[in-house]
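Novice: Input: one structure, supplied below.
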Amino acid sequence: MPHHISIELDVHSLTYSNQIVGNITFVIDFHDYFPGQGWSDFVAIVLTWWIDNGRALLFAPLQETYSFRFMDGPIQIAAKKVTGTEVELTLIEEDRPQTIMGTVTLVELTKALIKTSRQLINAADRNGWKNEEIDQLRHAVKSLQAY
């Protein structure tokens, strides 16, 4: 049975200089946080990467794996397509054993990516933050919504 997934963005943690930095994490079944609660990263950049790979997973053959990388640190979440509608997520950290997070549906993963990206875009708009990464994220969200 697939697990519930969300991608949590703490909008109160967002800061802006040239880039938007904030706390972002994958959450499985509402209580397991990967890579961990309070993980801070370049949120617009990583969300754009994740959307690109999420879109690729929709059309990938079975057993194909795409990475949801974090910019801050050698950490990634590998997503392997195990059925036509599900992916298995695994946390990969340098020098640590891999942690299987569980299986989630592509639909739920896609919804989580879109929801979190919209939260970031809305926060950037409210604060008047503009940069190339937010523009790229807007485009990526639109391209994922087309599917």
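Convention: chains lettered A, B, ... in structure tokens order; per-chain residue numbering from 1; ligands numbered from 1 as shown.
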Name the residues in contact with region 73-78 of chain A at a cut-off of 9 Å, using only C-alpha atoms, excluding same-chain residues fewer than 6 positions from it; report them as a PyMOL selection string.
Specialist: chain A and resi 26+34-35+65-67+88-94+101
Novice: Using only C-alpha atoms, which of A:Gln136, A:Asn18, A:Gln145, A:Asn131 sits nearest Leu113 (chain A)?
Specialist: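 Closest residue, counting only C-alpha atoms: A:Gln145.
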Novice: Within 7 Å of Ile20 (chain A), counting only C-alpha atoms, which residues show up once you throw out same-chain ones fewer than 5 positions away? Write them as a compact mmCIF listing (two decimals) with N, CA, C and O atoms, in the first residue's frame, please.
Specialist:
# COMPACT_ATOMS: atom_id res chain seq x y z
N LEU A 14 11.83 31.41 5.18
CA LEU A 14 12.38 31.92 3.93
C LEU A 14 13.15 33.22 4.12
O LEU A 14 12.69 34.13 4.81
N THR A 15 14.32 33.26 3.49
CA THR A 15 15.11 34.49 3.45
C THR A 15 15.52 34.72 2.00
O THR A 15 15.56 33.79 1.19
N PHE A 42 18.40 25.89 -0.95
CA PHE A 42 18.02 26.86 -1.97
C PHE A 42 16.72 26.37 -2.62
O PHE A 42 16.73 25.64 -3.60
N VAL A 43 15.59 26.78 -2.08
CA VAL A 43 14.32 26.14 -2.36
C VAL A 43 13.83 26.30 -3.80
O VAL A 43 13.29 25.36 -4.37
N ALA A 44 14.00 27.45 -4.41
CA ALA A 44 13.53 27.62 -5.79
C ALA A 44 14.32 26.73 -6.75
O ALA A 44 13.76 26.13 -7.67
Novice: Step one, run DSSP on the backbone; step two, keep only residues of chain A assigned to strand (DSSP E or B); then write them as number ranges by chain.
Specialist: A: 5-16, 20-28, 32-34, 40-42, 65-69, 75-81, 86-93, 99-105
Novice: List as a Markdown table every residue of region 116-147 of chain A that is in contact with region 4-10 of chain A, defined as an atom at most 10 Å from one of its atoms (using only C-alpha atoms), together with the nearest atom pair and the distance in Å rounded to one decimal, sorted by chain and then rising number.
Specialist:
| residue | atom | partner | partner_atom | distance |
| --- | --- | --- | --- | --- |
| A:Thr116 | CA | A:Ile7 | CA | 6.3 |
| A:Ser117 | CA | A:Leu9 | CA | 8.8 |
| A:Gln119 | CA | A:Leu9 | CA | 7.7 |
| A:Leu120 | CA | A:Leu9 | CA | 7.7 |
